[in-house]
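Below is input21.cif, which holds mmCIF, C-alpha atoms.
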data_coords
#
loop_
_atom_site.group_PDB
_atom_site.id
_atom_site.type_symbol
_atom_site.label_atom_id
_atom_site.label_comp_id
_atom_site.auth_asym_id
_atom_site.auth_seq_id
_atom_site.Cartn_x
_atom_site.Cartn_y
_atom_site.Cartn_z
ATOM 1 C CA MET A 377 -37.431 -144.586 -111.599
ATOM 2 C CA PRO A 378 -35.639 -143.779 -108.336
ATOM 3 C CA VAL A 379 -37.621 -142.015 -105.613
ATOM 4 C CA ILE A 380 -36.452 -140.134 -102.530
ATOM 5 C CA THR A 381 -38.624 -138.794 -99.705
ATOM 6 C CA LEU A 382 -37.875 -135.211 -98.691
ATOM 7 C CA GLY A 383 -40.062 -133.788 -95.979
ATOM 8 C CA SER A 384 -43.412 -135.471 -96.521
ATOM 9 C CA ARG A 385 -43.199 -135.621 -100.343
ATOM 10 C CA SER A 386 -41.833 -138.263 -102.709
ATOM 11 C CA PHE A 387 -39.455 -136.724 -105.243
ATOM 12 C CA ALA A 388 -38.289 -138.398 -108.458
ATOM 13 C CA GLY A 389 -34.529 -138.868 -108.289
ATOM 14 C CA PRO A 390 -31.927 -137.986 -107.303
ATOM 15 C CA PHE A 391 -30.452 -137.699 -110.787
ATOM 16 C CA LEU A 392 -26.889 -136.692 -111.636
ATOM 17 C CA ALA A 393 -27.282 -133.045 -112.701
ATOM 18 C CA PRO A 394 -25.072 -133.067 -115.845
ATOM 19 C CA LEU A 395 -26.933 -136.106 -117.239
ATOM 20 C CA TRP A 396 -30.442 -135.112 -116.122
ATOM 21 C CA SER A 397 -33.204 -135.007 -118.753
ATOM 22 C CA PRO A 398 -35.850 -132.744 -117.211
ATOM 23 C CA PRO A 399 -39.554 -133.347 -117.726
ATOM 24 C CA ARG A 400 -41.298 -130.348 -119.322
ATOM 25 C CA SER A 401 -43.488 -129.613 -116.333
ATOM 26 C CA ALA A 402 -43.938 -127.222 -113.444
ATOM 27 C CA ALA A 403 -42.236 -128.636 -110.366
ATOM 28 C CA ILE A 404 -40.508 -128.206 -107.050
ATOM 29 C CA TYR A 405 -36.886 -129.327 -107.213
ATOM 30 C CA ALA A 406 -34.215 -130.153 -104.681
ATOM 31 C CA VAL A 407 -30.537 -129.576 -105.394
ATOM 32 C CA MET A 408 -28.662 -132.341 -103.637
ATOM 33 C CA ALA A 409 -25.172 -133.413 -102.619
ATOM 34 C CA PRO A 410 -23.951 -136.925 -101.845
ATOM 35 C CA GLY A 411 -24.189 -137.778 -98.156
ATOM 36 C CA TRP A 412 -21.582 -139.248 -95.843
ATOM 37 C CA ARG A 413 -22.618 -142.838 -96.545
ATOM 38 C CA LEU A 414 -23.004 -144.665 -99.850
ATOM 39 C CA LEU A 415 -26.277 -143.904 -101.675
ATOM 40 C CA THR A 416 -27.345 -141.168 -99.252
ATOM 41 C CA PHE A 417 -28.054 -137.585 -100.249
ATOM 42 C CA ARG A 418 -28.795 -134.306 -98.519
ATOM 43 C CA ALA A 419 -30.665 -131.372 -99.941
ATOM 44 C CA LEU A 420 -28.735 -128.137 -100.316
ATOM 45 C CA GLU A 421 -31.657 -126.095 -101.605
ATOM 46 C CA PHE A 422 -35.332 -126.330 -102.573
ATOM 47 C CA ASP A 423 -36.850 -124.157 -105.287
ATOM 48 C CA HIS A 424 -39.619 -124.240 -107.872
ATOM 49 C CA ALA A 425 -39.944 -123.588 -111.601
ATOM 50 C CA GLU A 426 -42.814 -123.084 -113.998
ATOM 51 C CA GLU A 427 -41.008 -125.352 -116.463
ATOM 52 C CA LEU A 428 -37.947 -127.459 -115.726
ATOM 53 C CA SER A 429 -35.072 -127.158 -118.203
ATOM 54 C CA SER A 430 -31.583 -128.585 -118.577
ATOM 55 C CA GLY A 431 -29.986 -125.171 -117.892
ATOM 56 C CA LEU A 432 -32.060 -124.576 -114.767
ATOM 57 C CA LEU A 433 -29.307 -125.236 -112.225
ATOM 58 C CA LYS A 434 -26.538 -123.375 -114.067
ATOM 59 C CA GLN A 435 -28.739 -120.267 -114.273
ATOM 60 C CA HIS A 436 -29.506 -120.296 -110.536
ATOM 61 C CA ALA A 437 -27.901 -117.577 -108.389
ATOM 62 C CA LYS A 438 -26.492 -120.192 -105.984
ATOM 63 C CA TYR A 439 -24.888 -122.449 -108.614
ATOM 64 C CA ARG A 440 -21.321 -121.340 -107.767
ATOM 65 C CA GLU A 441 -21.990 -121.888 -104.064
ATOM 66 C CA TRP A 442 -23.273 -125.419 -104.731
ATOM 67 C CA LEU A 443 -20.146 -126.200 -106.783
ATOM 68 C CA THR A 444 -18.003 -124.940 -103.910
ATOM 69 C CA ILE A 445 -19.769 -127.379 -101.607
ATOM 70 C CA VAL A 446 -19.665 -130.467 -103.830
ATOM 71 C CA GLY A 447 -16.397 -129.763 -105.668
ATOM 72 C CA THR A 448 -17.600 -130.533 -109.206
ATOM 73 C CA GLU A 449 -20.851 -130.610 -111.153
ATOM 74 C CA TRP A 450 -20.501 -134.416 -111.249
ATOM 75 C CA ASN A 451 -21.271 -134.434 -107.508
ATOM 76 C CA LEU A 452 -24.419 -132.325 -107.938
ATOM 77 C CA TYR A 453 -27.796 -134.089 -108.030
ATOM 78 C CA ILE A 454 -31.389 -133.002 -108.579
ATOM 79 C CA ALA A 455 -34.695 -134.478 -107.442
ATOM 80 C CA THR A 456 -38.089 -133.232 -108.667
ATOM 81 C CA TYR A 457 -41.662 -133.182 -107.413
ATOM 82 C CA GLU A 458 -43.790 -132.518 -110.473
ATOM 83 C CA MET A 459 -46.840 -130.285 -110.143
ATOM 84 C CA PRO A 460 -48.335 -130.013 -113.642
ATOM 85 C CA LEU A 461 -50.840 -127.204 -114.184
ATOM 86 C CA SER A 462 -49.960 -125.676 -110.803
ATOM 87 C CA THR A 463 -49.789 -121.951 -110.128
ATOM 88 C CA ALA A 464 -46.750 -120.190 -108.660
ATOM 89 C CA SER A 465 -48.593 -119.734 -105.355
ATOM 90 C CA GLU A 466 -49.456 -123.452 -105.163
ATOM 91 C CA ARG A 467 -45.825 -124.397 -105.804
ATOM 92 C CA GLY A 468 -44.734 -121.781 -103.255
ATOM 93 C CA ALA A 469 -46.988 -123.302 -100.584
ATOM 94 C CA VAL A 470 -45.619 -126.811 -101.193
ATOM 95 C CA LEU A 471 -42.071 -125.412 -101.305
ATOM 96 C CA ARG A 472 -42.525 -123.770 -97.883
ATOM 97 C CA GLU A 473 -43.981 -126.982 -96.467
ATOM 98 C CA VAL A 474 -41.092 -129.115 -97.737
ATOM 99 C CA SER A 475 -38.457 -126.573 -96.659
ATOM 100 C CA ARG A 476 -39.966 -126.317 -93.166
ATOM 101 C CA SER A 477 -40.099 -130.062 -92.669
ATOM 102 C CA TYR A 478 -36.670 -130.802 -94.203
ATOM 103 C CA ARG A 479 -34.679 -127.711 -93.142
ATOM 104 C CA PRO A 480 -31.913 -127.388 -95.755
ATOM 105 C CA ALA A 481 -28.483 -126.836 -94.243
ATOM 106 C CA PHE A 482 -27.669 -123.728 -96.268
ATOM 107 C CA LYS A 483 -29.234 -120.311 -95.810
ATOM 108 C CA PRO A 484 -29.984 -117.949 -98.716
ATOM 109 C CA LEU A 485 -27.270 -115.576 -99.902
ATOM 110 C CA SER A 486 -27.812 -111.960 -98.955
ATOM 111 C CA SER A 487 -28.581 -109.667 -101.871
ATOM 112 C CA ALA A 488 -25.517 -107.563 -101.041
ATOM 113 C CA ALA A 489 -23.148 -110.534 -101.300
ATOM 114 C CA ASP A 490 -21.134 -110.918 -104.475
ATOM 115 C CA ASN A 491 -22.020 -114.625 -104.795
ATOM 116 C CA MET A 492 -19.210 -115.667 -102.465
ATOM 117 C CA PRO A 493 -20.045 -118.613 -100.211
ATOM 118 C CA ASP A 494 -20.298 -117.901 -96.500
ATOM 119 C CA LEU A 495 -17.994 -119.371 -93.850
ATOM 120 C CA LYS A 496 -20.390 -122.194 -92.945
ATOM 121 C CA THR A 497 -20.551 -123.280 -96.584
ATOM 122 C CA LEU A 498 -16.762 -123.275 -96.925
ATOM 123 C CA LEU A 499 -16.305 -125.287 -93.724
ATOM 124 C CA LEU A 500 -18.886 -127.858 -94.843
ATOM 125 C CA ALA A 501 -17.193 -128.133 -98.232
ATOM 126 C CA ARG A 502 -13.829 -128.696 -96.542
ATOM 127 C CA ALA A 503 -15.327 -131.372 -94.268
ATOM 128 C CA LEU A 504 -16.873 -133.148 -97.267
ATOM 129 C CA ARG A 505 -13.598 -133.160 -99.152
ATOM 130 C CA SER A 506 -11.554 -134.367 -96.181
ATOM 131 C CA SER A 507 -14.002 -137.217 -95.512
ATOM 132 C CA GLU A 508 -13.687 -138.345 -99.145
ATOM 133 C CA GLU A 509 -9.900 -138.504 -98.827
ATOM 134 C CA LYS A 510 -10.015 -140.868 -95.839
ATOM 135 C CA PRO A 511 -9.912 -144.606 -96.701
#

Write out the structure in this file as structure tokens.
Amino acid sequence: MPVITLGSRSFAGPFLAPLWSPPRSAAIYAVMAPGWRLLTFRALEFDHAEELSSGLLKQHAKYREWLTIVGTEWNLYIATYEMPLSTASERGAVLREVSRSYRPAFKPLSSAADNMPDLKTLLLARALRSSEEKP
């Protein structure tokens, strides 16, 4: 099983989101995009769930924003840090620790926004696409 270190924790993955078979467990998860170099990834967002499911990412409020960044769901990856029998507050504490030490590049959407990506997100998406077009 592949493993990636994010912050100070070892996450299982990254796994291609459309093909991912989630474990039925409470966990922290990282939504990831391919990096600039081969076999590198960068976290777009960290979150937690009481039980992971295959529809987890598509139901997330930021799903459209992530697709704008990566271009297609086939460029979206997920990595998980399982925490079986954990409480929401325990997962929240680990989530804050990982987020603080990793510092995801994308800030939360404001509640007033109509799920449109912000300017920084659009510029990063454009830079990703233009770098993929170069030989």

* Please write the residues picked by the PyMOL selection byres ((chain A and resi 461-470) around 8) on this file as number ranges by chain. => A: 402-404, 424, 426, 459-460, 471-474

* To do: Would you mind reading off the distance between CA of Ser475 (chain A) and CA of Arg418 (chain A), one decimal, in Å?
  => 12.5 Å

* Evaluating the PyMOL selection byres ((chain A and resi 384) around 9) on the displayed file yields which residues, as a list in words? ->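 With the shown file as input, the PyMOL selection byres ((chain A and resi 384) around 9) matches Thr381, Leu382, Gly383, Arg385, Ser386, Glu473, Val474, Ser477 and Tyr478 of chain A.
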
* To do: For each of A:Arg476, A:Glu458, A:Ser430, A:Thr497, take the minimum atom-to-atom distance to Leu395 (chain A), counting only C-alpha atoms, then give the residue where this is smallest.
  => A:Ser430

* What gap, in Å, lies between CA of Met377 (chain A) and CA of Leu415 (chain A)? -> 14.9 Å

Once 3 Å is added on each side, what centre and edge lengths in Å to one decimal does the axis-aligned box around all listed atoms of region 413-420 of chain A have, as lines of an AutoDock Vina configuration file?
center_x = -26.6
center_y = -136.4
center_z = -99.1
size_x = 14.0
size_y = 22.5
size_z = 11.1

* **From A:Tyr457, A:Leu452, A:Ala425, A:Glu441, residue lying nearest Lys496 (chain A) [only C-alpha atoms]** =>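 The shortest atom-to-atom distance to Lys496 (chain A) comes from A:Glu441.
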
* For this file, the PyMOL selection byres ((chain A and resi 378) around 8) selects which residues, as a ChimeraX atom specification? -> /A:377,379-380,388-390

* **Point-to-point distance in Å for CA of Leu433 (chain A) and CA of Ala455 (chain A)** => 11.7 Å

* Which of these, A:Phe422, A:Thr448, A:Arg505, A:Thr456, has the shortest distance to Pro394 (chain A) once you count all atoms listed in the file? ->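 For Pro394 (chain A), the nearest of the given residues is A:Thr448.
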
* To do: List every protein, DNA or RNA residue with an atom no more than 9 Å from (-22.7, -130.0, -102.3) in the file's coordinates, counting all atoms listed in the file, and format the result as a list of chain:residue names.
  =>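 Result, sorted by chain then residue number: A:Val407, A:Met408, A:Ala409, A:Pro410, A:Gly411, A:Arg418, A:Ala419, A:Leu420, A:Glu441, A:Trp442, A:Leu443, A:Thr444, A:Ile445, A:Val446, A:Gly447, A:Thr448, A:Asn451, A:Leu452, A:Tyr453, A:Leu500, A:Ala501, A:Leu504.
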
N, CA and C atoms restored at region 406-425 of chain A, emitted as a PDB file, in the coordinates of the input:
ATOM      1  N   ALA A 406     -35.195-130.182-105.760  1.00  0.00           N
ATOM      2  CA  ALA A 406     -34.215-130.153-104.681  1.00  0.00           C
ATOM      3  C   ALA A 406     -32.834-130.329-105.299  1.00  0.00           C
ATOM      4  N   VAL A 407     -31.928-129.438-104.988  1.00  0.00           N
ATOM      5  CA  VAL A 407     -30.537-129.576-105.394  1.00  0.00           C
ATOM      6  C   VAL A 407     -29.858-130.359-104.281  1.00  0.00           C
ATOM      7  N   MET A 408     -29.169-131.421-104.650  1.00  0.00           N
ATOM      8  CA  MET A 408     -28.662-132.341-103.637  1.00  0.00           C
ATOM      9  C   MET A 408     -27.169-132.623-103.789  1.00  0.00           C
ATOM     10  N   ALA A 409     -26.573-133.009-102.666  1.00  0.00           N
ATOM     11  CA  ALA A 409     -25.172-133.413-102.619  1.00  0.00           C
ATOM     12  C   ALA A 409     -25.114-134.824-102.052  1.00  0.00           C
ATOM     13  N   PRO A 410     -24.091-135.592-102.434  1.00  0.00           N
ATOM     14  CA  PRO A 410     -23.951-136.925-101.845  1.00  0.00           C
ATOM     15  C   PRO A 410     -23.757-136.818-100.341  1.00  0.00           C
ATOM     16  N   GLY A 411     -24.317-137.770 -99.610  1.00  0.00           N
ATOM     17  CA  GLY A 411     -24.189-137.778 -98.156  1.00  0.00           C
ATOM     18  C   GLY A 411     -22.902-138.452 -97.708  1.00  0.00           C
ATOM     19  N   TRP A 412     -22.794-138.662 -96.421  1.00  0.00           N
ATOM     20  CA  TRP A 412     -21.582-139.248 -95.843  1.00  0.00           C
ATOM     21  C   TRP A 412     -21.478-140.734 -96.141  1.00  0.00           C
ATOM     22  N   ARG A 413     -22.628-141.404 -96.268  1.00  0.00           N
ATOM     23  CA  ARG A 413     -22.618-142.838 -96.545  1.00  0.00           C
ATOM     24  C   ARG A 413     -23.015-143.101 -97.992  1.00  0.00           C
ATOM     25  N   LEU A 414     -22.693-144.269 -98.484  1.00  0.00           N
ATOM     26  CA  LEU A 414     -23.004-144.665 -99.850  1.00  0.00           C
ATOM     27  C   LEU A 414     -24.509-144.585-100.106  1.00  0.00           C
ATOM     28  N   LEU A 415     -24.879-144.034-101.236  1.00  0.00           N
ATOM     29  CA  LEU A 415     -26.277-143.904-101.675  1.00  0.00           C
ATOM     30  C   LEU A 415     -27.152-143.088-100.721  1.00  0.00           C
ATOM     31  N   THR A 416     -26.562-142.119-100.049  1.00  0.00           N
ATOM     32  CA  THR A 416     -27.345-141.168 -99.252  1.00  0.00           C
ATOM     33  C   THR A 416     -27.115-139.778 -99.828  1.00  0.00           C
ATOM     34  N   PHE A 417     -28.118-138.934 -99.699  1.00  0.00           N
ATOM     35  CA  PHE A 417     -28.054-137.585-100.249  1.00  0.00           C
ATOM     36  C   PHE A 417     -28.634-136.612 -99.240  1.00  0.00           C
ATOM     37  N   ARG A 418     -28.215-135.351 -99.353  1.00  0.00           N
ATOM     38  CA  ARG A 418     -28.795-134.306 -98.519  1.00  0.00           C
ATOM     39  C   ARG A 418     -29.106-133.120 -99.408  1.00  0.00           C
ATOM     40  N   ALA A 419     -30.230-132.512 -99.143  1.00  0.00           N
ATOM     41  CA  ALA A 419     -30.665-131.372 -99.941  1.00  0.00           C
ATOM     42  C   ALA A 419     -29.889-130.124 -99.546  1.00  0.00           C
ATOM     43  N   LEU A 420     -29.398-129.414-100.543  1.00  0.00           N
ATOM     44  CA  LEU A 420     -28.735-128.137-100.316  1.00  0.00           C
ATOM     45  C   LEU A 420     -29.735-127.000-100.431  1.00  0.00           C
ATOM     46  N   GLU A 421     -30.718-127.173-101.315  1.00  0.00           N
ATOM     47  CA  GLU A 421     -31.657-126.095-101.605  1.00  0.00           C
ATOM     48  C   GLU A 421     -32.926-126.669-102.222  1.00  0.00           C
ATOM     49  N   PHE A 422     -34.054-126.033-101.917  1.00  0.00           N
ATOM     50  CA  PHE A 422     -35.332-126.330-102.573  1.00  0.00           C
ATOM     51  C   PHE A 422     -35.753-125.082-103.335  1.00  0.00           C
ATOM     52  N   ASP A 423     -36.328-125.279-104.517  1.00  0.00           N
ATOM     53  CA  ASP A 423     -36.850-124.157-105.287  1.00  0.00           C
ATOM     54  C   ASP A 423     -37.945-124.684-106.205  1.00  0.00           C
ATOM     55  N   HIS A 424     -38.582-123.788-106.946  1.00  0.00           N
ATOM     56  CA  HIS A 424     -39.619-124.240-107.872  1.00  0.00           C
ATOM     57  C   HIS A 424     -39.450-123.541-109.211  1.00  0.00           C
ATOM     58  N   ALA A 425     -40.024-124.147-110.254  1.00  0.00           N
ATOM     59  CA  ALA A 425     -39.944-123.588-111.601  1.00  0.00           C
ATOM     60  C   ALA A 425     -41.248-123.854-112.331  1.00  0.00           C
TER      61      ALA A 425
END
